[in-house]
>>> print(open('data-v4.cif').read())   # mmCIF, C-alpha atoms
data_my_file
#
loop_
_atom_site.label_atom_id
_atom_site.label_comp_id
_atom_site.auth_asym_id
_atom_site.auth_seq_id
_atom_site.Cartn_x
_atom_site.Cartn_y
_atom_site.Cartn_z
CA MET T 1 92.29 111.29 121.34
CA TYR T 2 93.77 114.44 119.78
CA ALA T 3 91.63 117.54 119.21
CA TYR T 4 94.34 119.47 117.38
CA ILE T 5 98.10 119.80 117.07
CA GLN T 6 99.64 123.26 116.92
CA GLY T 7 103.26 124.03 116.26
CA LYS T 8 106.01 124.77 113.78
CA LEU T 9 105.48 123.40 110.28
CA THR T 10 108.86 121.73 109.59
CA PHE T 11 107.95 119.80 106.43
CA LYS T 12 105.10 120.02 103.96
CA CYS T 13 104.13 118.08 100.84
CA PRO T 14 100.71 117.48 99.19
CA THR T 15 100.04 114.28 101.15
CA TYR T 16 101.48 114.93 104.62
CA VAL T 17 103.11 117.47 106.90
CA VAL T 18 105.42 117.29 109.89
CA ILE T 19 104.51 119.62 112.76
CA GLU T 20 106.92 120.08 115.64
CA ALA T 21 105.12 120.63 118.93
CA ALA T 22 106.88 120.47 122.31
CA GLY T 23 109.97 118.92 120.74
CA ILE T 24 108.04 116.11 119.01
CA GLY T 25 107.60 115.92 115.24
CA TYR T 26 104.13 114.66 114.28
CA HIS T 27 103.73 113.05 110.84
CA ILE T 28 100.19 114.03 109.81
CA ASN T 29 98.41 112.92 106.63
CA ILE T 30 96.49 115.75 104.96
CA SER T 31 94.18 116.37 102.01
CA LEU T 32 94.98 118.68 99.09
CA ASN T 33 92.36 121.03 100.52
CA THR T 34 94.41 121.39 103.73
CA TYR T 35 97.66 121.58 101.76
CA ALA T 36 96.32 124.56 99.78
CA ALA T 37 95.34 126.33 103.01
CA LEU T 38 98.86 125.87 104.46
CA GLN T 39 100.72 127.45 101.53
CA ASP T 40 102.79 130.17 103.27
CA LYS T 41 102.46 129.20 106.92
CA GLU T 42 105.40 128.53 109.23
CA GLU T 43 103.21 127.93 112.30
CA CYS T 44 99.94 126.07 112.01
CA LYS T 45 97.15 124.36 113.88
CA LEU T 46 95.63 121.21 112.42
CA PHE T 47 92.54 119.50 113.78
CA ALA T 48 93.63 115.90 114.20
CA TRP T 49 92.12 112.43 114.12
CA LEU T 50 94.05 109.29 115.08
CA HIS T 51 93.35 106.06 113.18
CA VAL T 52 94.44 102.99 115.15
CA LYS T 53 95.03 99.65 113.41
CA GLU T 54 96.89 96.51 114.41
CA ASP T 55 100.02 97.53 112.56
CA ALA T 56 99.89 101.35 112.62
CA HIS T 57 98.72 104.50 114.36
CA THR T 58 98.08 107.12 111.68
CA LEU T 59 97.31 110.81 112.25
CA TYR T 60 95.09 112.74 109.85
CA GLY T 61 95.03 116.54 109.98
CA PHE T 62 92.57 119.14 108.76
CA PHE T 63 92.96 122.89 108.44
CA GLU T 64 89.37 123.53 109.53
CA GLU T 65 87.18 121.79 112.09
CA GLY T 66 84.44 121.51 109.45
CA GLU T 67 86.69 119.49 107.16
CA LYS T 68 87.44 117.09 110.03
CA ARG T 69 83.72 116.72 110.79
CA LEU T 70 83.02 115.97 107.12
CA PHE T 71 85.86 113.42 107.05
CA LEU T 72 84.42 111.63 110.11
CA HIS T 73 81.00 111.53 108.45
CA LEU T 74 82.51 110.14 105.25
CA ILE T 75 84.43 107.33 106.96
CA SER T 76 81.31 106.36 108.91
CA VAL T 77 79.87 105.16 105.59
CA SER T 78 80.35 101.43 105.02
CA GLY T 79 83.17 100.80 102.53
CA ILE T 80 84.87 104.19 102.95
CA GLY T 81 88.08 104.14 104.95
CA PRO T 82 90.41 106.97 105.99
CA ASN T 83 92.47 106.91 102.78
CA THR T 84 89.35 107.03 100.60
CA GLY T 85 87.96 109.81 102.81
CA ARG T 86 91.17 111.78 102.30
CA MET T 87 90.97 111.11 98.54
CA ILE T 88 87.41 112.51 98.49
CA LEU T 89 88.53 115.67 100.33
CA SER T 90 91.47 116.02 97.93
CA SER T 91 89.28 115.70 94.84
CA ILE T 92 86.60 118.31 95.56
CA THR T 93 86.08 120.92 98.27
CA PRO T 94 84.11 120.12 101.44
CA ALA T 95 81.34 122.52 100.34
CA GLU T 96 81.05 120.74 96.96
CA ILE T 97 80.91 117.35 98.70
CA GLN T 98 78.13 118.54 100.99
CA THR T 99 76.17 119.99 98.05
CA ALA T 100 76.59 116.77 96.06
CA ILE T 101 75.30 114.70 98.99
CA VAL T 102 72.32 116.99 99.62
CA GLN T 103 71.36 117.04 95.93
CA GLY T 104 72.07 113.33 95.39
CA ASP T 105 74.61 114.06 92.65
CA VAL T 106 75.90 110.50 92.07
CA PRO T 107 77.85 111.34 88.85
CA LEU T 108 79.91 114.04 90.61
CA ILE T 109 80.77 111.77 93.54
CA GLN T 110 81.53 108.88 91.16
CA ARG T 111 84.23 110.94 89.42
CA ILE T 112 86.33 110.75 92.59
CA LYS T 113 89.04 108.09 92.31
CA GLY T 114 88.14 105.00 94.31
CA ILE T 115 84.40 105.73 94.46
CA GLY T 116 82.19 103.51 92.31
CA PRO T 117 78.45 103.84 91.69
CA LYS T 118 77.48 101.69 94.70
CA SER T 119 79.76 103.58 97.09
CA ALA T 120 78.47 106.93 95.80
CA GLN T 121 74.85 105.87 96.28
CA ARG T 122 75.58 104.42 99.73
CA MET T 123 77.35 107.63 100.77
CA ILE T 124 74.41 109.76 99.64
CA LEU T 125 71.82 107.52 101.31
CA GLU T 126 73.62 107.32 104.65
CA LEU T 127 74.67 110.96 104.89
CA GLN T 128 71.40 112.42 103.59
CA ASP T 129 69.66 110.79 106.55
CA LYS T 130 72.12 112.46 108.92
CA LEU T 131 71.55 115.79 107.20
CA LYS T 132 67.78 115.46 107.52
CA LYS T 133 68.12 114.57 111.19
CA GLU T 134 70.61 117.29 112.14
CA GLY T 135 70.10 120.03 109.54
CA PRO T 136 71.67 120.88 106.18
CA ASP T 137 74.90 122.54 107.35
CA THR T 138 76.03 120.09 110.01
CA LEU T 139 78.61 118.28 107.92
CA ILE T 140 81.05 121.12 107.50
CA SER T 141 79.97 123.93 109.81
CA MET T 142 80.26 123.94 113.55
CA PRO T 143 77.03 124.77 115.31
CA LEU T 144 76.93 128.23 116.84
CA HIS T 145 74.84 128.11 120.00
CA THR T 146 73.48 131.34 121.38
CA THR T 147 71.05 130.06 124.00
CA ALA T 148 71.02 127.38 126.67
CA LYS T 149 68.10 125.72 124.86
CA GLU T 150 70.10 125.37 121.60
CA GLU T 151 73.16 124.00 123.43
CA ALA T 152 71.05 121.48 125.35
CA LEU T 153 69.30 120.42 122.13
CA SER T 154 72.65 119.89 120.40
CA ALA T 155 73.93 117.82 123.32
CA LEU T 156 70.85 115.57 123.29
CA VAL T 157 71.11 115.07 119.52
CA MET T 158 74.78 114.09 119.94
CA LEU T 159 73.69 111.59 122.57
CA GLY T 160 71.55 109.90 119.91
CA PHE T 161 68.08 111.34 120.44
CA THR T 162 66.19 112.61 117.40
CA LYS T 163 65.91 116.37 117.14
CA ASN T 164 62.10 116.44 117.42
CA VAL T 165 61.95 114.25 120.54
CA ALA T 166 64.81 116.15 122.21
CA GLU T 167 63.19 119.50 121.42
CA LYS T 168 59.88 118.42 123.03
CA ALA T 169 61.73 117.23 126.15
CA ILE T 170 63.61 120.53 126.44
CA ASP T 171 60.40 122.54 125.98
CA LEU T 172 58.82 120.53 128.83
CA ALA T 173 61.90 121.18 130.98
CA ILE T 174 61.66 124.93 130.32
CA LYS T 175 57.94 124.98 131.21
CA SER T 176 58.52 123.04 134.43
CA GLY T 177 61.40 125.25 135.58
CA ASN T 178 60.53 128.23 137.79
CA GLU T 179 63.79 130.10 137.18
CA THR T 180 66.17 130.36 134.25
CA LEU T 181 67.82 126.97 133.84
CA SER T 182 71.45 126.37 132.88
CA VAL T 183 72.40 124.06 130.02
CA GLU T 184 73.26 121.28 132.48
CA GLN T 185 69.94 121.63 134.31
CA LEU T 186 68.00 121.58 131.03
CA ILE T 187 69.77 118.40 129.91
CA LYS T 188 69.22 116.63 133.26
CA ILE T 189 65.51 117.47 133.36
CA ALA T 190 65.06 116.56 129.67
CA LEU T 191 66.82 113.21 130.15
CA LYS T 192 64.40 112.28 132.91
CA SER T 193 61.46 112.65 130.51
CA LEU T 194 63.14 110.78 127.60
#
>>> encode(input="data-v4.cif", output="structure tokens")
Amino acid sequence: MYAYIQGKLTFKCPTYVVIEAAGIGYHINISLNTYAALQDKEECKLFAWLHVKEDAHTLYGFFEEGEKRLFLHLISVSGIGPNTGRMILSSITPAEIQTAIVQGDVPLIQRIKGIGPKSAQRMILELQDKLKKEGPDTLISMPLHTTAKEEALSALVMLGFTKNVAEKAIDLAIKSGNETLSVEQLIKIALKSL
């Protein structure tokens, strides 16, 4: 629902901040990683995620888009909720989390409060598959697309197609096109062959 919230930082502590934007004060839960990045800022922009439950709507904020992406990957793992995801991001840096997942470092992940051996193994198993499907840097870095082909491929992968299948469909679309195709045209043609 919210991509980001930008405004005046009116209150800050290690677990949450209050950002005033357009006369509204937003209470946003943060990780220690984000808290460290906000040290001397009066104005800030936090990438936000809204968690909706029966009894509460809770905002979580992240200093970088990559940290938010990693958080969303973490909470997609069975047994890891938003508070545990925030605890993980507060315990070690996003880059260290990604390295631990890639290398299958269960002992490092287990040292995080609230993560037992089964949760650590489940997190590695589920997220390693995503890394293999999408590439090693997708958890914390935003993809930088330079060509229409790369943007179309990314869009098809986000729609749920495997990278290999999507790439073959895009290559067929490029071969069938007489002129230079836009991203939208590539996706439409590729979807017809999938």
>>> closest_atom_pairs(input="data-v4.cif", of="segment 62-89 of chain T", to="segment 8-26 of chain T", cutoff="12 Å", atoms="all atoms listed in the file", output="tab-separated table")
residue	atom	partner	partner_atom	distance
T:Phe62	CA	T:Tyr16	CA	10.7
T:Phe63	CA	T:Val17	CA	11.6
T:Asn83	CA	T:Thr15	CA	10.7
T:Arg86	CA	T:Thr15	CA	9.3
T:Met87	CA	T:Thr15	CA	10.0
T:Leu89	CA	T:Thr15	CA	11.6
>>> resolve_selection(input="data-v4.cif", expression="the PyMOL selection byres ((chain T and resi 120) around 12)", output="compact mmCIF listing (two decimals) with C-alpha atoms, in the frame of the given file")
# COMPACT_ATOMS: atom_id res chain seq x y z
CA LEU T 74 82.51 110.14 105.25
CA VAL T 77 79.87 105.16 105.59
CA SER T 78 80.35 101.43 105.02
CA GLY T 79 83.17 100.80 102.53
CA ILE T 80 84.87 104.19 102.95
CA THR T 84 89.35 107.03 100.60
CA ILE T 88 87.41 112.51 98.49
CA ILE T 97 80.91 117.35 98.70
CA ALA T 100 76.59 116.77 96.06
CA ILE T 101 75.30 114.70 98.99
CA GLY T 104 72.07 113.33 95.39
CA ASP T 105 74.61 114.06 92.65
CA VAL T 106 75.90 110.50 92.07
CA PRO T 107 77.85 111.34 88.85
CA LEU T 108 79.91 114.04 90.61
CA ILE T 109 80.77 111.77 93.54
CA GLN T 110 81.53 108.88 91.16
CA ARG T 111 84.23 110.94 89.42
CA ILE T 112 86.33 110.75 92.59
CA LYS T 113 89.04 108.09 92.31
CA GLY T 114 88.14 105.00 94.31
CA ILE T 115 84.40 105.73 94.46
CA GLY T 116 82.19 103.51 92.31
CA PRO T 117 78.45 103.84 91.69
CA LYS T 118 77.48 101.69 94.70
CA SER T 119 79.76 103.58 97.09
CA GLN T 121 74.85 105.87 96.28
CA ARG T 122 75.58 104.42 99.73
CA MET T 123 77.35 107.63 100.77
CA ILE T 124 74.41 109.76 99.64
CA LEU T 125 71.82 107.52 101.31
CA GLU T 126 73.62 107.32 104.65
CA LEU T 127 74.67 110.96 104.89
CA GLN T 128 71.40 112.42 103.59
>>> residues_near_point(input="data-v4.cif", point="(90.9, 124.0, 99.9)", cutoff="9 Å", atoms="only C-alpha atoms", output="MDAnalysis selection string")
chainID T and resid 31:37 63 89:90 92:94
>>> write_last_selection(input="data-v4.cif", atoms="C-alpha atoms", output="PDB file, in the frame of the given file")
ATOM      1  CA  SER T  31      94.180 116.370 102.010  1.00  0.00           C
ATOM      2  CA  LEU T  32      94.980 118.680  99.090  1.00  0.00           C
ATOM      3  CA  ASN T  33      92.360 121.030 100.520  1.00  0.00           C
ATOM      4  CA  THR T  34      94.410 121.390 103.730  1.00  0.00           C
ATOM      5  CA  TYR T  35      97.660 121.580 101.760  1.00  0.00           C
ATOM      6  CA  ALA T  36      96.320 124.560  99.780  1.00  0.00           C
ATOM      7  CA  ALA T  37      95.340 126.330 103.010  1.00  0.00           C
ATOM      8  CA  PHE T  63      92.960 122.890 108.440  1.00  0.00           C
ATOM      9  CA  LEU T  89      88.530 115.670 100.330  1.00  0.00           C
ATOM     10  CA  SER T  90      91.470 116.020  97.930  1.00  0.00           C
ATOM     11  CA  ILE T  92      86.600 118.310  95.560  1.00  0.00           C
ATOM     12  CA  THR T  93      86.080 120.920  98.270  1.00  0.00           C
ATOM     13  CA  PRO T  94      84.110 120.120 101.440  1.00  0.00           C
TER      14      PRO T  94
END
>>> resolve_selection(input="data-v4.cif", expression="the PyMOL selection byres ((chain T and resi 147-158) around 10)", output="ChimeraX atom specification")
/T:133-134,143-146,159-171,173-174,180-188,190-191
>>> write_last_selection(input="data-v4.cif", atoms="C-alpha atoms", output="PDB file, in the coordinates of the input")
ATOM      1  CA  LYS T 133      68.120 114.570 111.190  1.00  0.00           C
ATOM      2  CA  GLU T 134      70.610 117.290 112.140  1.00  0.00           C
ATOM      3  CA  PRO T 143      77.030 124.770 115.310  1.00  0.00           C
ATOM      4  CA  LEU T 144      76.930 128.230 116.840  1.00  0.00           C
ATOM      5  CA  HIS T 145      74.840 128.110 120.000  1.00  0.00           C
ATOM      6  CA  THR T 146      73.480 131.340 121.380  1.00  0.00           C
ATOM      7  CA  LEU T 159      73.690 111.590 122.570  1.00  0.00           C
ATOM      8  CA  GLY T 160      71.550 109.900 119.910  1.00  0.00           C
ATOM      9  CA  PHE T 161      68.080 111.340 120.440  1.00  0.00           C
ATOM     10  CA  THR T 162      66.190 112.610 117.400  1.00  0.00           C
ATOM     11  CA  LYS T 163      65.910 116.370 117.140  1.00  0.00           C
ATOM     12  CA  ASN T 164      62.100 116.440 117.420  1.00  0.00           C
ATOM     13  CA  VAL T 165      61.950 114.250 120.540  1.00  0.00           C
ATOM     14  CA  ALA T 166      64.810 116.150 122.210  1.00  0.00           C
ATOM     15  CA  GLU T 167      63.190 119.500 121.420  1.00  0.00           C
ATOM     16  CA  LYS T 168      59.880 118.420 123.030  1.00  0.00           C
ATOM     17  CA  ALA T 169      61.730 117.230 126.150  1.00  0.00           C
ATOM     18  CA  ILE T 170      63.610 120.530 126.440  1.00  0.00           C
ATOM     19  CA  ASP T 171      60.400 122.540 125.980  1.00  0.00           C
ATOM     20  CA  ALA T 173      61.900 121.180 130.980  1.00  0.00           C
ATOM     21  CA  ILE T 174      61.660 124.930 130.320  1.00  0.00           C
ATOM     22  CA  THR T 180      66.170 130.360 134.250  1.00  0.00           C
ATOM     23  CA  LEU T 181      67.820 126.970 133.840  1.00  0.00           C
ATOM     24  CA  SER T 182      71.450 126.370 132.880  1.00  0.00           C
ATOM     25  CA  VAL T 183      72.400 124.060 130.020  1.00  0.00           C
ATOM     26  CA  GLU T 184      73.260 121.280 132.480  1.00  0.00           C
ATOM     27  CA  GLN T 185      69.940 121.630 134.310  1.00  0.00           C
ATOM     28  CA  LEU T 186      68.000 121.580 131.030  1.00  0.00           C
ATOM     29  CA  ILE T 187      69.770 118.400 129.910  1.00  0.00           C
ATOM     30  CA  LYS T 188      69.220 116.630 133.260  1.00  0.00           C
ATOM     31  CA  ALA T 190      65.060 116.560 129.670  1.00  0.00           C
ATOM     32  CA  LEU T 191      66.820 113.210 130.150  1.00  0.00           C
TER      33      LEU T 191
END
>>> atom_distance(input="data-v4.cif", atom1="atom CA of Tyr4 of chain T", atom2="atom CA of Asp129 of chain T")
28.3 Å
>>> axis_aligned_box(input="data-v4.cif", around="segment 22-39 of chain T", padding_each_side="4 Å", output="JSON")
{"center_x": 101.2, "center_y": 120.2, "center_z": 110.7, "size_x": 25.6, "size_y": 22.5, "size_z": 31.2}
>>> atom_distance(input="data-v4.cif", atom1="atom CA of Ile30 of chain T", atom2="atom CA of Tyr60 of chain T")
5.9 Å
>>> atom_distance(input="data-v4.cif", atom1="atom CA of Gln98 of chain T", atom2="atom CA of Gln39 of chain T")
24.3 Å
>>> residues_around(input="data-v4.cif", residues="Leu50 of chain T", least_positions_apart="5", cutoff="12 Å", atoms="all atoms listed in the file", output="list of chain:residue names")
T:Met1, T:Tyr2, T:Ala3, T:Tyr4, T:Ile5, T:Tyr26, T:His27, T:Ile28, T:Asn29, T:Ala56, T:His57, T:Thr58, T:Leu59, T:Tyr60, T:Gly61, T:Phe62, T:Lys68, T:Leu72, T:Pro82
>>> resolve_selection(input="data-v4.cif", expression="the PyMOL selection byres ((chain T and resi 45) around 6)", output="number ranges by chain")
T: 5-6, 44, 46
>>> closest_residue(input="data-v4.cif", among="T:Ser193, T:Thr99, T:Ser91, T:Ser76", to="Ser176 of chain T", atoms="only C-alpha atoms")
T:Ser193
